[in-house]
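Here's protein_17.tsv, which has TSV, C-alpha atoms:
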```tsv
chain	number	residue	atom	x	y	z
D	1	SER	CA	-100.60	-38.49	-0.79
D	2	ALA	CA	-97.72	-36.66	-2.21
D	3	PRO	CA	-94.17	-37.54	-1.35
D	4	ALA	CA	-92.51	-35.32	1.17
D	5	ALA	CA	-90.14	-32.77	-0.23
D	6	PRO	CA	-86.55	-33.28	0.83
D	7	SER	CA	-85.23	-30.68	3.16
D	8	LEU	CA	-82.79	-28.42	1.31
D	9	ARG	CA	-80.31	-26.02	2.89
D	10	LEU	CA	-77.67	-23.66	1.56
D	11	VAL	CA	-74.03	-24.75	1.79
D	12	PRO	CA	-71.51	-21.93	2.20
D	13	ARG	CA	-69.32	-21.44	-0.82
D	14	ARG	CA	-65.84	-22.46	0.13
D	15	ARG	CA	-64.63	-22.64	-3.41
D	16	ARG	CA	-64.29	-18.89	-3.65
D	17	ARG	CA	-62.25	-18.77	-0.48
D	18	THR	CA	-60.11	-21.70	-1.56
D	19	ARG	CA	-59.57	-20.16	-4.97
D	20	ALA	CA	-58.58	-16.81	-3.37
D	21	VAL	CA	-56.11	-18.52	-1.02
D	22	VAL	CA	-54.53	-20.46	-3.91
D	23	THR	CA	-54.31	-17.32	-6.03
D	24	LEU	CA	-52.82	-15.29	-3.17
D	25	THR	CA	-50.33	-18.06	-2.36
D	26	THR	CA	-49.26	-18.28	-6.00
D	27	ILE	CA	-48.73	-14.50	-6.14
D	28	VAL	CA	-46.70	-14.56	-2.91
D	29	VAL	CA	-44.53	-17.43	-4.21
D	30	PHE	CA	-43.81	-15.55	-7.46
D	31	VAL	CA	-43.01	-12.34	-5.57
D	32	VAL	CA	-40.61	-14.23	-3.27
D	33	LEU	CA	-38.97	-15.93	-6.27
D	34	PHE	CA	-38.62	-12.59	-8.06
D	35	ALA	CA	-37.13	-10.96	-4.96
D	36	THR	CA	-34.70	-13.87	-4.56
D	37	ALA	CA	-33.63	-13.53	-8.19
D	38	ALA	CA	-33.16	-9.77	-7.74
D	39	VAL	CA	-31.02	-10.27	-4.61
D	40	HIS	CA	-28.98	-12.96	-6.36
D	41	THR	CA	-28.40	-10.64	-9.32
D	42	THR	CA	-27.23	-7.90	-6.95
D	43	ILE	CA	-24.86	-10.30	-5.20
D	44	VAL	CA	-23.41	-11.53	-8.51
D	45	SER	CA	-22.94	-7.95	-9.71
D	46	GLY	CA	-21.23	-7.00	-6.45
D	47	GLN	CA	-18.96	-10.05	-6.67
D	48	ARG	CA	-18.00	-9.09	-10.23
D	49	ASP	CA	-17.08	-5.60	-8.99
D	50	LEU	CA	-15.04	-7.11	-6.13
D	51	ASP	CA	-13.21	-9.37	-8.60
D	52	ARG	CA	-12.36	-6.37	-10.78
D	53	ILE	CA	-11.10	-4.42	-7.78
D	54	ALA	CA	-9.03	-7.40	-6.57
D	55	ALA	CA	-7.48	-7.71	-10.04
D	56	ARG	CA	-6.62	-3.99	-10.03
D	57	ILE	CA	-5.06	-4.34	-6.57
D	58	GLN	CA	-2.94	-7.27	-7.74
D	59	THR	CA	-1.83	-5.32	-10.80
D	60	GLY	CA	-0.98	-2.32	-8.61
D	61	GLU	CA	0.96	-4.49	-6.16
D	62	ARG	CA	2.96	-6.07	-9.00
D	63	ARG	CA	3.71	-2.61	-10.42
D	64	ASN	CA	4.68	-1.35	-6.96
D	65	GLN	CA	7.03	-4.31	-6.50
D	66	THR	CA	8.58	-3.67	-9.92
D	67	LEU	CA	9.05	0.02	-9.12
D	68	ARG	CA	10.58	-0.76	-5.71
D	69	LEU	CA	13.04	-3.09	-7.41
D	70	ARG	CA	13.86	-0.38	-9.95
D	71	VAL	CA	14.39	2.19	-7.16
D	72	ALA	CA	16.65	-0.25	-5.30
D	73	GLU	CA	18.66	-0.79	-8.48
D	74	LEU	CA	18.95	2.94	-9.12
D	75	GLU	CA	19.92	3.68	-5.50
D	76	SER	CA	22.54	0.93	-5.30
D	77	PRO	CA	25.93	2.34	-4.30
D	78	GLY	CA	27.68	0.69	-7.24
D	79	ARG	CA	25.35	2.29	-9.76
D	80	VAL	CA	25.63	5.69	-8.06
D	81	VAL	CA	29.44	5.48	-8.11
D	82	ASP	CA	29.40	4.39	-11.77
D	83	ALA	CA	27.08	7.28	-12.70
D	84	ALA	CA	29.18	9.78	-10.75
D	85	THR	CA	32.38	8.51	-12.36
D	86	ALA	CA	30.75	8.72	-15.78
D	87	ASP	CA	29.86	12.36	-15.00
D	88	GLY	CA	33.51	13.13	-14.28
D	89	MET	CA	33.61	12.79	-10.49
D	90	GLU	CA	36.57	11.08	-8.87
D	91	VAL	CA	36.65	8.73	-5.89
D	92	PRO	CA	38.80	10.25	-3.10
D	93	ASP	CA	41.54	8.30	-1.34
D	94	GLU	CA	40.10	9.24	2.05
D	95	VAL	CA	36.64	10.26	3.19
D	96	THR	CA	35.94	12.67	6.04
D	97	TRP	CA	32.80	11.74	7.92
D	98	LEU	CA	30.94	14.36	9.94
D	99	THR	CA	28.88	12.85	12.74
D	100	PRO	CA	26.30	14.99	14.55
D	101	GLN	CA	26.65	14.96	18.34
D	102	PRO	CA	23.82	15.18	20.89
D	103	ASP	CA	25.14	18.53	22.14
D	104	GLY	CA	24.66	20.03	18.68
D	105	GLY	CA	28.31	19.81	17.62
D	106	THR	CA	29.86	17.52	15.06
D	107	GLU	CA	32.70	15.07	15.12
D	108	ALA	CA	34.91	14.58	12.09
D	109	SER	CA	36.70	11.33	11.37
D	110	THR	CA	38.75	10.21	8.40
D	111	ALA	CA	38.46	6.75	6.95
D	112	PRO	CA	40.01	5.05	3.97
D	113	ARG	CA	37.88	5.15	0.84
D	114	ALA	CA	36.58	1.57	1.19
D	115	GLY	CA	36.07	1.80	4.96
D	116	ALA	CA	33.24	3.04	7.10
D	117	PRO	CA	33.48	5.90	9.59
D	118	GLU	CA	35.11	5.06	12.90
D	119	ALA	CA	32.83	4.54	15.87
D	120	THR	CA	34.77	7.01	17.99
D	121	GLY	CA	36.82	9.47	16.07
D	122	GLY	CA	39.05	11.50	18.32
D	123	GLY	CA	38.45	14.05	15.59
D	124	ALA	CA	37.72	17.72	15.77
D	125	THR	CA	34.46	18.81	17.29
D	126	GLU	CA	32.53	21.90	16.38
D	127	ASP	CA	34.19	23.73	19.26
D	128	GLU	CA	37.60	22.94	17.75
D	129	GLY	CA	36.93	24.65	14.43
D	130	VAL	CA	34.77	22.34	12.25
D	131	ASP	CA	31.57	24.17	11.35
D	132	GLU	CA	28.77	21.83	10.36
D	133	ASP	CA	27.16	24.41	8.07
D	134	VAL	CA	30.35	25.28	6.15
D	135	THR	CA	32.34	22.95	3.93
D	136	ASP	CA	35.99	22.32	4.79
D	137	GLU	CA	37.22	24.52	1.93
D	138	ARG	CA	35.20	27.53	3.07
D	139	ALA	CA	36.15	27.01	6.71
D	140	GLY	CA	39.82	26.99	5.73
D	141	SER	CA	40.51	23.61	7.32
D	142	ASP	CA	42.07	20.55	5.78
D	143	PRO	CA	39.44	17.81	5.18
D	144	THR	CA	42.07	15.12	5.84
D	145	ASP	CA	43.10	16.63	9.18
D	146	ALA	CA	40.90	14.49	11.44
D	147	ASP	CA	42.78	15.16	14.67
D	148	GLY	CA	42.94	18.93	14.18
D	149	ASP	CA	46.74	19.18	14.63
D	150	GLY	CA	47.38	20.84	11.26
D	151	ALA	CA	49.20	17.84	9.86
D	152	ASP	CA	47.68	15.92	7.00
D	153	GLY	CA	48.42	12.56	8.58
D	154	SER	CA	50.78	11.47	5.85
D	155	ALA	CA	54.05	9.80	6.71
D	156	GLY	CA	56.17	12.08	4.49
```
Spit out the file's structure as structure tokens when you get a sec.
Amino acid sequence: SAPAAPSLRLVPRRRRRTRAVVTLTTIVVFVVLFATAAVHTTIVSGQRDLDRIAARIQTGERRNQTLRLRVAELESPGRVVDAATADGMEVPDEVTWLTPQPDGGTEASTAPRAGAPEATGGGATEDEGVDEDVTDERAGSDPTDADGDGADGSAG
């Protein structure tokens, strides 16, 4: 009698599926790594641009500070007086200050050269002959006559 033949059956091929999953997983990992590298490169490039802009802002702020200092120096009263004197102007003994009033008139007050205008002047108002649009010479009034009495205020 002949030996009995072993019973054979087909086993499904899992190797193909396993190989496809490994290949697909490897591709996905490389795509994710490439995308991460691309995003990182974009971030680094953006940071470099931000650093350049920040440096330009700092440079501009330093220049602005230097220019503000220069303007303050040029606008200083001492420098203005020195420049005016160098151009032939003279410093008056008295200064007549015209102060605008809420009613549209002006108030004139006289102060010594080094002093500031008086808080309340008792000076002439627009109604008393001081025209705010016309200088004292054109209006025919004396710039040192703060009280409007026609006298120059001198003792002699």
- prompt: By how many Å are CA of Ala108 (chain D) and CA of Val95 (chain D) apart?
  reply: 10.0 Å
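The spacing separating CA of Gln65 (chain D) from CA of Gln47 (chain D) amounts to 26.6 Å.
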- prompt: So, counting all atoms listed in the file, which residue among D:Thr41, D:Thr96, D:Thr23, D:Ser7 is closest to Pro112 (chain D)?
  reply: D:Thr96
query: Which value, in Å to one decimal, gives the distance between CA of Val81 (chain D) and CA of Leu69 (chain D)?
result: 18.5 Å
